[in-house]
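This is work.cif (mmCIF, C-alpha atoms; chains and numbers go by the auth columns).
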```
data_model
loop_
_atom_site.group_PDB
_atom_site.id
_atom_site.type_symbol
_atom_site.label_atom_id
_atom_site.label_comp_id
_atom_site.label_asym_id
_atom_site.label_seq_id
_atom_site.Cartn_x
_atom_site.Cartn_y
_atom_site.Cartn_z
_atom_site.B_iso_or_equiv
_atom_site.auth_seq_id
_atom_site.auth_asym_id
ATOM 1 C CA MET A 1 0.000 0.000 0.000 0.00 1133 A
ATOM 2 C CA SER A 2 1.170 3.548 -0.657 0.00 1134 A
ATOM 3 C CA ARG A 3 2.902 5.553 2.057 0.00 1135 A
ATOM 4 C CA PRO A 4 1.701 8.953 3.298 0.00 1136 A
ATOM 5 C CA ALA A 5 3.820 11.966 2.422 0.00 1137 A
ATOM 6 C CA SER A 6 6.304 12.963 5.104 0.00 1138 A
ATOM 7 C CA ASP A 7 6.945 16.462 6.406 0.00 1139 A
ATOM 8 C CA ARG A 8 10.093 16.520 4.295 0.00 1140 A
ATOM 9 C CA SER A 9 8.289 15.610 1.100 0.00 1141 A
ATOM 10 C CA PRO A 10 8.960 17.962 -1.832 0.00 1142 A
ATOM 11 C CA ARG A 11 6.255 20.568 -2.156 0.00 1143 A
ATOM 12 C CA PRO A 12 4.063 20.564 -5.267 0.00 1144 A
ATOM 13 C CA LYS A 13 5.214 22.954 -7.992 0.00 1145 A
ATOM 14 C CA LYS A 14 2.614 25.288 -9.439 0.00 1146 A
ATOM 15 C CA ARG A 15 4.583 25.694 -12.685 0.00 1147 A
ATOM 16 C CA LEU A 16 4.281 21.925 -13.266 0.00 1148 A
ATOM 17 C CA GLY A 17 0.562 21.843 -12.495 0.00 1149 A
ATOM 18 C CA GLN A 18 1.179 19.485 -9.564 0.00 1150 A
ATOM 19 C CA HIS A 19 -1.654 18.550 -7.198 0.00 1151 A
ATOM 20 C CA PHE A 20 -0.643 15.315 -5.521 0.00 1152 A
ATOM 21 C CA LEU A 21 -3.361 12.746 -4.878 0.00 1153 A
ATOM 22 C CA LYS A 22 -3.653 11.632 -1.236 0.00 1154 A
ATOM 23 C CA ASP A 23 -7.066 9.919 -1.024 0.00 1155 A
ATOM 24 C CA PRO A 24 -7.149 6.096 -1.332 0.00 1156 A
ATOM 25 C CA ASN A 25 -10.799 5.970 -2.430 0.00 1157 A
ATOM 26 C CA THR A 26 -10.078 8.260 -5.381 0.00 1158 A
ATOM 27 C CA ALA A 27 -6.968 6.241 -6.234 0.00 1159 A
ATOM 28 C CA GLN A 28 -9.158 3.123 -6.313 0.00 1160 A
ATOM 29 C CA ILE A 29 -11.530 4.833 -8.756 0.00 1161 A
ATOM 30 C CA VAL A 30 -8.714 5.835 -11.115 0.00 1162 A
ATOM 31 C CA ALA A 31 -7.173 2.353 -10.911 0.00 1163 A
ATOM 32 C CA ALA A 32 -10.513 0.605 -11.456 0.00 1164 A
ATOM 33 C CA GLY A 33 -10.462 -1.931 -14.262 0.00 1165 A
ATOM 34 C CA VAL A 34 -6.696 -2.430 -14.251 0.00 1166 A
ATOM 35 C CA GLY A 35 -5.866 -6.138 -14.189 0.00 1167 A
ATOM 36 C CA GLY A 36 -2.945 -8.521 -14.126 0.00 1168 A
ATOM 37 C CA GLU A 37 -2.384 -8.536 -17.883 0.00 1169 A
ATOM 38 C CA ASP A 38 -2.424 -4.767 -18.306 0.00 1170 A
ATOM 39 C CA VAL A 39 0.568 -2.585 -19.078 0.00 1171 A
ATOM 40 C CA VAL A 40 -0.301 0.822 -17.666 0.00 1172 A
ATOM 41 C CA LEU A 41 1.028 4.256 -18.571 0.00 1173 A
ATOM 42 C CA GLU A 42 0.973 6.745 -15.696 0.00 1174 A
ATOM 43 C CA ILE A 43 1.922 10.356 -16.368 0.00 1175 A
ATOM 44 C CA GLY A 44 2.788 12.649 -13.482 0.00 1176 A
ATOM 45 C CA PRO A 45 3.088 10.026 -10.715 0.00 1177 A
ATOM 46 C CA GLY A 46 4.546 12.593 -8.310 0.00 1178 A
ATOM 47 C CA ARG A 47 5.115 10.990 -4.918 0.00 1179 A
ATOM 48 C CA GLY A 48 3.843 7.631 -6.144 0.00 1180 A
ATOM 49 C CA PHE A 49 0.542 7.435 -4.233 0.00 1181 A
ATOM 50 C CA LEU A 50 -1.458 6.241 -7.244 0.00 1182 A
ATOM 51 C CA THR A 51 1.547 4.350 -8.650 0.00 1183 A
ATOM 52 C CA ALA A 52 1.513 1.994 -5.677 0.00 1184 A
ATOM 53 C CA PHE A 53 -2.163 1.163 -6.292 0.00 1185 A
ATOM 54 C CA LEU A 54 -1.467 0.485 -9.960 0.00 1186 A
ATOM 55 C CA ALA A 55 1.593 -1.642 -9.213 0.00 1187 A
ATOM 56 C CA GLU A 56 -0.564 -3.933 -7.059 0.00 1188 A
ATOM 57 C CA ARG A 57 -2.850 -4.645 -9.998 0.00 1189 A
ATOM 58 C CA ALA A 58 -0.975 -4.343 -13.305 0.00 1190 A
ATOM 59 C CA ARG A 59 1.623 -6.495 -14.984 0.00 1191 A
ATOM 60 C CA LEU A 60 3.750 -3.381 -15.505 0.00 1192 A
ATOM 61 C CA VAL A 61 3.527 0.378 -14.928 0.00 1193 A
ATOM 62 C CA HIS A 62 5.427 2.905 -17.051 0.00 1194 A
ATOM 63 C CA ALA A 63 5.613 6.029 -14.865 0.00 1195 A
ATOM 64 C CA VAL A 64 6.656 9.227 -16.666 0.00 1196 A
ATOM 65 C CA GLU A 65 7.790 12.013 -14.323 0.00 1197 A
ATOM 66 C CA ILE A 66 9.493 15.324 -15.162 0.00 1198 A
ATOM 67 C CA ASP A 67 10.254 16.557 -11.624 0.00 1199 A
ATOM 68 C CA PRO A 68 13.592 15.237 -10.281 0.00 1200 A
ATOM 69 C CA ASP A 69 12.730 16.427 -6.763 0.00 1201 A
ATOM 70 C CA VAL A 70 9.959 13.826 -6.336 0.00 1202 A
ATOM 71 C CA LEU A 71 11.885 10.879 -7.760 0.00 1203 A
ATOM 72 C CA PRO A 72 13.364 9.694 -4.423 0.00 1204 A
ATOM 73 C CA GLU A 73 9.897 9.542 -2.843 0.00 1205 A
ATOM 74 C CA LEU A 74 8.413 7.961 -5.964 0.00 1206 A
ATOM 75 C CA ARG A 75 11.075 5.251 -5.845 0.00 1207 A
ATOM 76 C CA ARG A 76 10.414 4.634 -2.145 0.00 1208 A
ATOM 77 C CA ALA A 77 6.676 4.299 -2.828 0.00 1209 A
ATOM 78 C CA VAL A 78 7.293 1.425 -5.259 0.00 1210 A
ATOM 79 C CA GLU A 79 10.381 -0.014 -3.582 0.00 1211 A
ATOM 80 C CA GLY A 80 10.721 -3.739 -4.104 0.00 1212 A
ATOM 81 C CA ARG A 81 8.279 -3.802 -7.007 0.00 1213 A
ATOM 82 C CA GLY A 82 9.772 -4.931 -10.287 0.00 1214 A
ATOM 83 C CA SER A 83 6.517 -4.026 -11.981 0.00 1215 A
ATOM 84 C CA VAL A 84 7.278 -0.274 -12.215 0.00 1216 A
ATOM 85 C CA ILE A 85 9.618 1.425 -14.686 0.00 1217 A
ATOM 86 C CA ILE A 86 10.245 5.115 -13.995 0.00 1218 A
ATOM 87 C CA HIS A 87 10.983 7.358 -16.983 0.00 1219 A
ATOM 88 C CA GLU A 88 12.348 10.790 -16.086 0.00 1220 A
ATOM 89 C CA ALA A 89 10.996 12.869 -18.976 0.00 1221 A
ATOM 90 C CA ASP A 90 8.711 15.646 -20.174 0.00 1222 A
ATOM 91 C CA ALA A 91 5.423 13.934 -21.014 0.00 1223 A
ATOM 92 C CA LEU A 92 4.719 16.335 -23.897 0.00 1224 A
ATOM 93 C CA ARG A 93 8.063 15.534 -25.550 0.00 1225 A
ATOM 94 C CA PHE A 94 8.501 11.904 -24.560 0.00 1226 A
ATOM 95 C CA ASP A 95 8.717 9.335 -27.375 0.00 1227 A
ATOM 96 C CA TYR A 96 6.031 6.846 -26.368 0.00 1228 A
ATOM 97 C CA ALA A 97 7.019 4.544 -29.219 0.00 1229 A
ATOM 98 C CA THR A 98 10.089 3.606 -27.148 0.00 1230 A
ATOM 99 C CA LEU A 99 8.007 2.025 -24.374 0.00 1231 A
ATOM 100 C CA SER A 100 8.371 -1.740 -24.155 0.00 1232 A
ATOM 101 C CA PRO A 101 6.119 -3.506 -23.581 0.00 1233 A
ATOM 102 C CA ARG A 102 3.604 -1.119 -25.062 0.00 1234 A
ATOM 103 C CA PRO A 103 0.950 0.216 -22.684 0.00 1235 A
ATOM 104 C CA ASN A 104 -2.662 -0.697 -23.317 0.00 1236 A
ATOM 105 C CA ARG A 105 -4.115 1.547 -20.583 0.00 1237 A
ATOM 106 C CA LEU A 106 -3.558 5.009 -19.161 0.00 1238 A
ATOM 107 C CA ALA A 107 -4.314 5.627 -15.488 0.00 1239 A
ATOM 108 C CA ALA A 108 -3.170 8.957 -14.105 0.00 1240 A
ATOM 109 C CA ASN A 109 -3.712 12.131 -12.130 0.00 1241 A
ATOM 110 C CA LEU A 110 -2.647 14.312 -15.038 0.00 1242 A
ATOM 111 C CA PRO A 111 -0.728 17.562 -14.450 0.00 1243 A
ATOM 112 C CA TYR A 112 -3.368 20.239 -14.927 0.00 1244 A
ATOM 113 C CA ASN A 113 -1.248 22.552 -17.067 0.00 1245 A
ATOM 114 C CA ILE A 114 -0.694 19.981 -19.840 0.00 1246 A
ATOM 115 C CA ALA A 115 -3.751 17.732 -19.597 0.00 1247 A
ATOM 116 C CA SER A 116 -5.671 18.969 -22.670 0.00 1248 A
ATOM 117 C CA PRO A 117 -2.887 18.753 -25.289 0.00 1249 A
ATOM 118 C CA LEU A 118 -1.474 15.601 -23.701 0.00 1250 A
ATOM 119 C CA VAL A 119 -4.715 13.605 -23.909 0.00 1251 A
ATOM 120 C CA LEU A 120 -5.160 14.496 -27.568 0.00 1252 A
ATOM 121 C CA ARG A 121 -1.530 13.641 -28.335 0.00 1253 A
ATOM 122 C CA LEU A 122 -1.889 10.229 -26.681 0.00 1254 A
ATOM 123 C CA LEU A 123 -5.042 9.523 -28.679 0.00 1255 A
ATOM 124 C CA GLU A 124 -3.343 10.550 -31.909 0.00 1256 A
ATOM 125 C CA GLU A 125 0.095 8.997 -31.405 0.00 1257 A
ATOM 126 C CA VAL A 126 -0.213 6.012 -29.048 0.00 1258 A
ATOM 127 C CA PRO A 127 -2.670 3.614 -30.704 0.00 1259 A
ATOM 128 C CA SER A 128 -1.882 0.813 -28.248 0.00 1260 A
ATOM 129 C CA LEU A 129 -3.768 2.730 -25.524 0.00 1261 A
ATOM 130 C CA GLU A 130 -7.202 1.130 -25.731 0.00 1262 A
ATOM 131 C CA ARG A 131 -8.622 2.686 -22.583 0.00 1263 A
ATOM 132 C CA MET A 132 -7.659 5.806 -20.626 0.00 1264 A
ATOM 133 C CA ARG A 133 -8.871 6.768 -17.138 0.00 1265 A
ATOM 134 C CA PHE A 134 -7.504 9.945 -15.593 0.00 1266 A
ATOM 135 C CA MET A 135 -8.195 13.008 -13.474 0.00 1267 A
ATOM 136 C CA VAL A 136 -8.376 16.489 -14.965 0.00 1268 A
ATOM 137 C CA GLN A 137 -10.037 19.798 -14.176 0.00 1269 A
ATOM 138 C CA LEU A 138 -13.807 19.506 -14.438 0.00 1270 A
ATOM 139 C CA GLU A 139 -13.755 22.244 -17.086 0.00 1271 A
ATOM 140 C CA VAL A 140 -11.487 20.108 -19.288 0.00 1272 A
ATOM 141 C CA ALA A 141 -13.635 17.034 -18.670 0.00 1273 A
ATOM 142 C CA GLN A 142 -16.726 18.968 -19.744 0.00 1274 A
ATOM 143 C CA ARG A 143 -15.006 20.058 -22.954 0.00 1275 A
ATOM 144 C CA MET A 144 -14.153 16.438 -23.755 0.00 1276 A
ATOM 145 C CA THR A 145 -17.713 15.237 -23.242 0.00 1277 A
ATOM 146 C CA ALA A 146 -19.685 18.261 -24.531 0.00 1278 A
ATOM 147 C CA GLN A 147 -22.599 17.846 -26.902 0.00 1279 A
ATOM 148 C CA PRO A 148 -23.063 19.780 -30.176 0.00 1280 A
ATOM 149 C CA GLY A 149 -24.575 23.213 -29.639 0.00 1281 A
ATOM 150 C CA SER A 150 -23.331 23.625 -26.078 0.00 1282 A
ATOM 151 C CA LYS A 151 -20.933 26.352 -24.959 0.00 1283 A
ATOM 152 C CA ASP A 152 -18.200 23.815 -24.133 0.00 1284 A
ATOM 153 C CA TYR A 153 -18.368 22.155 -27.550 0.00 1285 A
ATOM 154 C CA GLY A 154 -15.465 23.063 -29.834 0.00 1286 A
ATOM 155 C CA ALA A 155 -12.714 21.753 -32.071 0.00 1287 A
ATOM 156 C CA TYR A 156 -11.053 19.972 -29.143 0.00 1288 A
ATOM 157 C CA THR A 157 -14.291 18.145 -28.324 0.00 1289 A
ATOM 158 C CA VAL A 158 -14.725 16.995 -31.901 0.00 1290 A
ATOM 159 C CA LEU A 159 -11.170 15.656 -32.192 0.00 1291 A
ATOM 160 C CA VAL A 160 -11.331 13.778 -28.877 0.00 1292 A
ATOM 161 C CA ARG A 161 -14.699 12.273 -29.786 0.00 1293 A
ATOM 162 C CA LEU A 162 -13.587 11.282 -33.281 0.00 1294 A
ATOM 163 C CA LEU A 163 -10.933 9.078 -31.668 0.00 1295 A
ATOM 164 C CA SER A 164 -12.656 7.950 -28.464 0.00 1296 A
ATOM 165 C CA ARG A 165 -15.834 7.661 -26.441 0.00 1297 A
ATOM 166 C CA PRO A 166 -15.352 9.949 -23.411 0.00 1298 A
ATOM 167 C CA GLU A 167 -17.359 9.757 -20.206 0.00 1299 A
ATOM 168 C CA ILE A 168 -17.167 11.554 -16.855 0.00 1300 A
ATOM 169 C CA VAL A 169 -17.278 8.705 -14.333 0.00 1301 A
ATOM 170 C CA HIS A 170 -16.677 10.585 -11.060 0.00 1302 A
ATOM 171 C CA ARG A 171 -16.519 14.142 -9.775 0.00 1303 A
ATOM 172 C CA VAL A 172 -13.651 14.820 -7.385 0.00 1304 A
ATOM 173 C CA SER A 173 -13.453 17.138 -4.387 0.00 1305 A
ATOM 174 C CA PRO A 174 -10.437 19.445 -4.085 0.00 1306 A
ATOM 175 C CA ARG A 175 -9.820 17.928 -0.638 0.00 1307 A
ATOM 176 C CA VAL A 176 -8.350 14.724 -2.081 0.00 1308 A
ATOM 177 C CA PHE A 177 -5.273 16.634 -3.334 0.00 1309 A
ATOM 178 C CA ASP A 178 -2.208 18.245 -1.805 0.00 1310 A
ATOM 179 C CA PRO A 179 -2.491 21.163 -2.252 0.00 1311 A
ATOM 180 C CA PRO A 180 -6.233 21.413 -2.927 0.00 1312 A
ATOM 181 C CA PRO A 181 -6.738 23.021 -6.354 0.00 1313 A
ATOM 182 C CA ARG A 182 -9.001 26.036 -6.671 0.00 1314 A
ATOM 183 C CA VAL A 183 -11.085 24.208 -9.258 0.00 1315 A
ATOM 184 C CA ARG A 184 -13.154 21.046 -9.177 0.00 1316 A
ATOM 185 C CA SER A 185 -11.864 17.934 -10.884 0.00 1317 A
ATOM 186 C CA ALA A 186 -13.277 14.823 -12.511 0.00 1318 A
ATOM 187 C CA VAL A 187 -12.274 11.307 -13.441 0.00 1319 A
ATOM 188 C CA VAL A 188 -12.738 10.769 -17.170 0.00 1320 A
ATOM 189 C CA GLU A 189 -12.664 7.469 -19.022 0.00 1321 A
ATOM 190 C CA LEU A 190 -11.942 7.319 -22.753 0.00 1322 A
ATOM 191 C CA GLU A 191 -12.490 4.174 -24.783 0.00 1323 A
ATOM 192 C CA ARG A 192 -10.649 4.246 -28.090 0.00 1324 A
ATOM 193 C CA ARG A 193 -12.946 4.048 -31.111 0.00 1325 A
ATOM 194 C CA GLY A 194 -12.339 1.412 -33.725 0.00 1326 A
ATOM 195 C CA ASP A 195 -14.101 3.485 -36.385 0.00 1327 A
ATOM 196 C CA ALA A 196 -11.948 6.629 -36.373 0.00 1328 A
ATOM 197 C CA PRO A 197 -11.732 8.398 -39.771 0.00 1329 A
ATOM 198 C CA GLU A 198 -9.143 6.901 -42.118 0.00 1330 A
ATOM 199 C CA ASP A 199 -7.938 10.384 -43.041 0.00 1331 A
ATOM 200 C CA TYR A 200 -7.952 11.755 -39.516 0.00 1332 A
ATOM 201 C CA PRO A 201 -5.278 14.430 -40.290 0.00 1333 A
ATOM 202 C CA GLY A 202 -7.490 15.794 -43.062 0.00 1334 A
ATOM 203 C CA VAL A 203 -10.561 15.812 -40.841 0.00 1335 A
ATOM 204 C CA LYS A 204 -8.563 17.544 -38.106 0.00 1336 A
ATOM 205 C CA GLU A 205 -7.518 20.303 -40.512 0.00 1337 A
ATOM 206 C CA LEU A 206 -11.161 20.803 -41.508 0.00 1338 A
ATOM 207 C CA VAL A 207 -12.342 20.893 -37.887 0.00 1339 A
ATOM 208 C CA VAL A 208 -9.724 23.426 -36.813 0.00 1340 A
ATOM 209 C CA SER A 209 -10.618 25.667 -39.762 0.00 1341 A
ATOM 210 C CA ALA A 210 -14.356 25.331 -39.153 0.00 1342 A
ATOM 211 C CA PHE A 211 -14.056 26.564 -35.557 0.00 1343 A
ATOM 212 C CA ARG A 212 -11.752 29.488 -36.399 0.00 1344 A
ATOM 213 C CA SER A 213 -14.558 31.926 -35.643 0.00 1345 A
ATOM 214 C CA ARG A 214 -17.644 30.651 -33.825 0.00 1346 A
ATOM 215 C CA ARG A 215 -19.686 33.674 -34.958 0.00 1347 A
ATOM 216 C CA LYS A 216 -19.258 32.897 -38.628 0.00 1348 A
ATOM 217 C CA ARG A 217 -21.177 30.294 -40.538 0.00 1349 A
ATOM 218 C CA LEU A 218 -19.056 27.236 -41.189 0.00 1350 A
ATOM 219 C CA PRO A 219 -18.385 27.724 -44.951 0.00 1351 A
ATOM 220 C CA ASN A 220 -16.993 31.217 -44.316 0.00 1352 A
ATOM 221 C CA ASN A 221 -14.328 29.790 -42.002 0.00 1353 A
ATOM 222 C CA LEU A 222 -12.952 27.601 -44.802 0.00 1354 A
ATOM 223 C CA PRO A 223 -10.568 28.633 -47.621 0.00 1355 A
ATOM 224 C CA PRO A 224 -12.440 30.525 -50.407 0.00 1356 A
ATOM 225 C CA ALA A 225 -12.007 27.652 -52.868 0.00 1357 A
ATOM 226 C CA LEU A 226 -13.965 25.324 -50.566 0.00 1358 A
ATOM 227 C CA ARG A 227 -16.849 27.590 -49.545 0.00 1359 A
ATOM 228 C CA GLY A 228 -19.208 26.804 -52.411 0.00 1360 A
ATOM 229 C CA ARG A 229 -18.499 23.096 -52.210 0.00 1361 A
ATOM 230 C CA ALA A 230 -18.968 23.202 -48.443 0.00 1362 A
ATOM 231 C CA GLU A 231 -22.475 24.590 -48.853 0.00 1363 A
ATOM 232 C CA GLU A 232 -23.307 21.761 -51.273 0.00 1364 A
ATOM 233 C CA ALA A 233 -21.797 19.168 -48.925 0.00 1365 A
ATOM 234 C CA LEU A 234 -23.738 20.564 -45.978 0.00 1366 A
ATOM 235 C CA ALA A 235 -26.944 20.399 -48.002 0.00 1367 A
ATOM 236 C CA ALA A 236 -26.248 16.734 -48.740 0.00 1368 A
ATOM 237 C CA LEU A 237 -26.004 16.204 -44.955 0.00 1369 A
ATOM 238 C CA GLY A 238 -29.337 17.946 -44.419 0.00 1370 A
ATOM 239 C CA ARG A 239 -27.731 21.148 -43.164 0.00 1371 A
ATOM 240 C CA GLY A 240 -28.323 24.670 -44.407 0.00 1372 A
ATOM 241 C CA PRO A 241 -25.722 27.183 -45.661 0.00 1373 A
ATOM 242 C CA ASP A 242 -25.893 29.138 -42.376 0.00 1374 A
ATOM 243 C CA THR A 243 -24.804 26.150 -40.293 0.00 1375 A
ATOM 244 C CA ARG A 244 -22.123 26.918 -37.719 0.00 1376 A
ATOM 245 C CA ALA A 245 -19.380 24.543 -36.691 0.00 1377 A
ATOM 246 C CA GLU A 246 -20.725 23.929 -33.179 0.00 1378 A
ATOM 247 C CA GLU A 247 -23.923 22.469 -34.648 0.00 1379 A
ATOM 248 C CA LEU A 248 -22.202 19.516 -36.346 0.00 1380 A
ATOM 249 C CA SER A 249 -21.513 16.234 -34.583 0.00 1381 A
ATOM 250 C CA PRO A 250 -18.070 14.595 -34.894 0.00 1382 A
ATOM 251 C CA GLU A 251 -19.568 12.064 -37.305 0.00 1383 A
ATOM 252 C CA GLU A 252 -20.963 14.863 -39.475 0.00 1384 A
ATOM 253 C CA PHE A 253 -17.521 16.460 -39.651 0.00 1385 A
ATOM 254 C CA ALA A 254 -16.083 13.154 -40.882 0.00 1386 A
ATOM 255 C CA ALA A 255 -18.859 12.912 -43.477 0.00 1387 A
ATOM 256 C CA LEU A 256 -18.337 16.532 -44.540 0.00 1388 A
ATOM 257 C CA HIS A 257 -14.626 15.892 -45.070 0.00 1389 A
ATOM 258 C CA ARG A 258 -15.367 12.818 -47.194 0.00 1390 A
ATOM 259 C CA ARG A 259 -17.646 14.857 -49.442 0.00 1391 A
ATOM 260 C CA LEU A 260 -15.161 17.712 -49.759 0.00 1392 A
ATOM 261 C CA SER A 261 -12.387 15.227 -50.595 0.00 1393 A
ATOM 262 C CA ALA A 262 -14.378 13.328 -53.223 0.00 1394 A
#
```

Could you take the file, read its structure, and then write that structure out as structure tokens?
Amino acid sequence: MSRPASDRSPRPKKRLGQHFLKDPNTAQIVAAGVGGEDVVLEIGPGRGFLTAFLAERARLVHAVEIDPDVLPELRRAVEGRGSVIIHEADALRFDYATLSPRPNRLAANLPYNIASPLVLRLLEEVPSLERMRFMVQLEVAQRMTAQPGSKDYGAYTVLVRLLSRPEIVHRVSPRVFDPPPRVRSAVVELERRGDAPEDYPGVKELVVSAFRSRRKRLPNNLPPALRGRAEEALAALGRGPDTRAEELSPEEFAALHRRLSA
């Protein structure tokens, strides 16, 4: 079982978005579903509180940590466990293709300052990750799971949902962290989709362009050469020429790209 932090433990660093988990019930929720055949990727293990829970369940844990000050305590938390490999690295720059064996699950209390771009990068670049369960700010969780037409729905939502099925599975009190963040948090689970668009890079380019200005109708956000064709493609999808990007579902964006590429 994990050890409590001592008085001499390194303090969390605001610049790294660190809020160390200290509640065993929350750790159990994040680790839920991890079994003896799983190879787990944990990003931002910090003092190793969650890492110890994962090491009890998984075949192997790849723990990626950027902060050298927490490494001694992280190593103590998993001392004697051959099932944990610690990688001292920047998670946004780390080459996940070098991990062996390849992880099939992510379980993590993600650093708040990198969570949004990191989740999308993992979905795009680490196809072996079939399921991801992690803690993020509630605001980020709501963006991942937003529905078309809502204020939280945007390009990021569409890209995450083109590659996965996201769900908020638990809302987390600030009291389970050291230090308590000033925002509420949530545990999110993403299941990788097996029907992601074949030309995902092309769809991504379309989505980013379409959301360039939320006030404009979608065709006007696209390059001039595509505007007329976009209106025709929208009509074929049952949408009018004044449609805005936030009205389209991820699946409609994939269909729109196919028509514009035909």

The PyMOL selection byres ((chain A and resi 1172) around 7) resolved against shown file, as a PyMOL selection string: chain A and resi 1170-1171+1173-1174+1190+1192-1194+1235-1239

Could you produce a table of the residues of stretch 1267-1300 of chain A lying within 12 Å of stretch 1156-1168 of chain A, with the nearest pair of atoms per residue and their separation in Å rounded to one decimal, using all atoms listed in the file, ordered by chain and increasing residue number, as JSON lines?
```
{"residue": "A:Met1267", "atom": "CA", "partner": "A:Val1162", "partner_atom": "CA", "distance": 7.6}
{"residue": "A:Val1268", "atom": "CA", "partner": "A:Val1162", "partner_atom": "CA", "distance": 11.3}
{"residue": "A:Ile1300", "atom": "CA", "partner": "A:Val1162", "partner_atom": "CA", "distance": 11.7}
```

Rank A:Ala1278, A:Leu1224, A:Leu1354, A:Leu1270 by their smallest atom-to-atom distance to A:Leu1250, using only C-alpha atoms, and report the top residue only. A:Leu1224

Take the PyMOL selection byres ((chain A and resi 1276) around 10), apply it to the structure above, and return the hits as a list of chain:residue names.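 Those residues are A:Ser1248, A:Val1251, A:Leu1252, A:Leu1270, A:Glu1271, A:Val1272, A:Ala1273, A:Gln1274, A:Arg1275, A:Thr1277, A:Ala1278, A:Gln1279, A:Asp1284, A:Tyr1285, A:Gly1286, A:Ala1287, A:Tyr1288, A:Thr1289, A:Val1290, A:Leu1291, A:Val1292, A:Arg1293, A:Ser1296, A:Arg1297, A:Pro1298, A:Glu1299, A:Ile1300, A:Val1320, A:Leu1322.
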
With distances taken over only C-alpha atoms, which residue among A:Phe1266, A:Phe1226, A:Phe1152, A:Phe1343 lies nearest A:Gly1180?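 Closest candidate: A:Phe1152.
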
Would you place a box with edges along x, y and z of the file around all atoms of stretch 1225-1238 of chain A listed there, add 5 Å to each of its six sides, and report the centre and edge lengths in Å to one decimal, as JSON?
```
{"center_x": 3.0, "center_y": 6.0, "center_z": -24.2, "size_x": 24.2, "size_y": 29.0, "size_z": 20.1}
```

Counting all atoms listed in the file, figure out which residue out of A:Ala1377, A:Val1196, A:Ala1223, A:Leu1295 gets nearest to A:Ile1246.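 So, comparing all the options, the nearest one is A:Ala1223.
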
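Checking A:Gly1372, A:Pro1243, A:Gly1178, A:Pro1333 one by one against A:Pro1204, counting all atoms listed in the file, you find the shortest gap at A:Gly1178.
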
Residue nearest A:Tyr1332 - candidates A:Gly1281, A:Pro1233, A:Gly1360, A:Pro1382, atoms counted: all atoms listed in the file: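 Ranked by minimum distance to A:Tyr1332, first place goes to A:Pro1382.
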
Given all atoms listed in the file as the basis, pick out the residue of A:Leu1338, A:Ala1195, A:Ala1229, A:Ala1240 nearest to A:Ser1260.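 For A:Ser1260, the nearest of the candidates is A:Ala1229.
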
Need to verify the contact set: A:Leu1388, 12 Å, all atoms listed in the file, exclusion of same-chain residues closer than 4 positions in sequence. Can you return it as an NGL selection string? :A and (1329 or 1334-1336 or 1338-1339 or 1342 or 1350-1351 or 1358 or 1361-1371 or 1377 or 1380-1384 or 1392-1394)

Shell around A:Asp1199 at 8 Å using only C-alpha atoms, local window under 3 positions removed, as number ranges by chain: A: 1178, 1202-1203, 1220

Distance of atom CA of A:Leu1186 from atom CA of A:Ser1317, expressed in Å to one decimal place: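 Those two atoms sit 20.3 Å apart.
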
One-decimal distance in Å that lies between atom CA of A:Glu1330 and atom CA of A:Arg1234: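 Atom CA of A:Glu1330 lies at a distance of 22.8 Å from atom CA of A:Arg1234.
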
Which residues match the PyMOL selection byres ((chain A and resi 1376) around 8) in the file above, as a PDB file with C-alpha atoms, keeping the file's coordinate frame?
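Resulting contents of expr13.pdb:
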```pdb
ATOM      1  CA  ARG A1346     -17.644  30.651 -33.825  1.00  0.00           C
ATOM      2  CA  ARG A1347     -19.686  33.674 -34.958  1.00  0.00           C
ATOM      3  CA  LYS A1348     -19.258  32.897 -38.628  1.00  0.00           C
ATOM      4  CA  ARG A1349     -21.177  30.294 -40.538  1.00  0.00           C
ATOM      5  CA  LEU A1350     -19.056  27.236 -41.189  1.00  0.00           C
ATOM      6  CA  ASP A1374     -25.893  29.138 -42.376  1.00  0.00           C
ATOM      7  CA  THR A1375     -24.804  26.150 -40.293  1.00  0.00           C
ATOM      8  CA  ALA A1377     -19.380  24.543 -36.691  1.00  0.00           C
ATOM      9  CA  GLU A1378     -20.725  23.929 -33.179  1.00  0.00           C
ATOM     10  CA  GLU A1379     -23.923  22.469 -34.648  1.00  0.00           C
ATOM     11  CA  LEU A1380     -22.202  19.516 -36.346  1.00  0.00           C
TER      12      LEU A1380
END
```

Distance in Å - atom CA of A:Ala1221 versus atom CA of A:Pro1200: 9.4 Å

Supply stretch 1327-1332 of chain A as a PDB file, in the coordinates of the input, with N, CA and C atoms built in where the input has gaps.
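The resulting file, rebuild_6.pdb, is shown below:
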```pdb
ATOM      1  N   ASP A1327     -13.591   2.969 -35.115  1.00  0.00           N
ATOM      2  CA  ASP A1327     -14.101   3.485 -36.385  1.00  0.00           C
ATOM      3  C   ASP A1327     -13.654   4.922 -36.619  1.00  0.00           C
ATOM      4  N   ALA A1328     -12.463   5.279 -36.141  1.00  0.00           N
ATOM      5  CA  ALA A1328     -11.948   6.629 -36.373  1.00  0.00           C
ATOM      6  C   ALA A1328     -11.763   6.868 -37.867  1.00  0.00           C
ATOM      7  N   PRO A1329     -11.879   8.113 -38.338  1.00  0.00           N
ATOM      8  CA  PRO A1329     -11.732   8.398 -39.771  1.00  0.00           C
ATOM      9  C   PRO A1329     -10.382   7.928 -40.310  1.00  0.00           C
ATOM     10  N   GLU A1330     -10.397   7.355 -41.510  1.00  0.00           N
ATOM     11  CA  GLU A1330      -9.143   6.901 -42.118  1.00  0.00           C
ATOM     12  C   GLU A1330      -8.204   8.074 -42.364  1.00  0.00           C
ATOM     13  N   ASP A1331      -8.754   9.193 -42.817  1.00  0.00           N
ATOM     14  CA  ASP A1331      -7.938  10.384 -43.041  1.00  0.00           C
ATOM     15  C   ASP A1331      -8.134  11.342 -41.875  1.00  0.00           C
ATOM     16  N   TYR A1332      -7.774  10.904 -40.691  1.00  0.00           N
ATOM     17  CA  TYR A1332      -7.952  11.755 -39.516  1.00  0.00           C
ATOM     18  C   TYR A1332      -7.210  13.089 -39.652  1.00  0.00           C
TER      19      TYR A1332
END
```
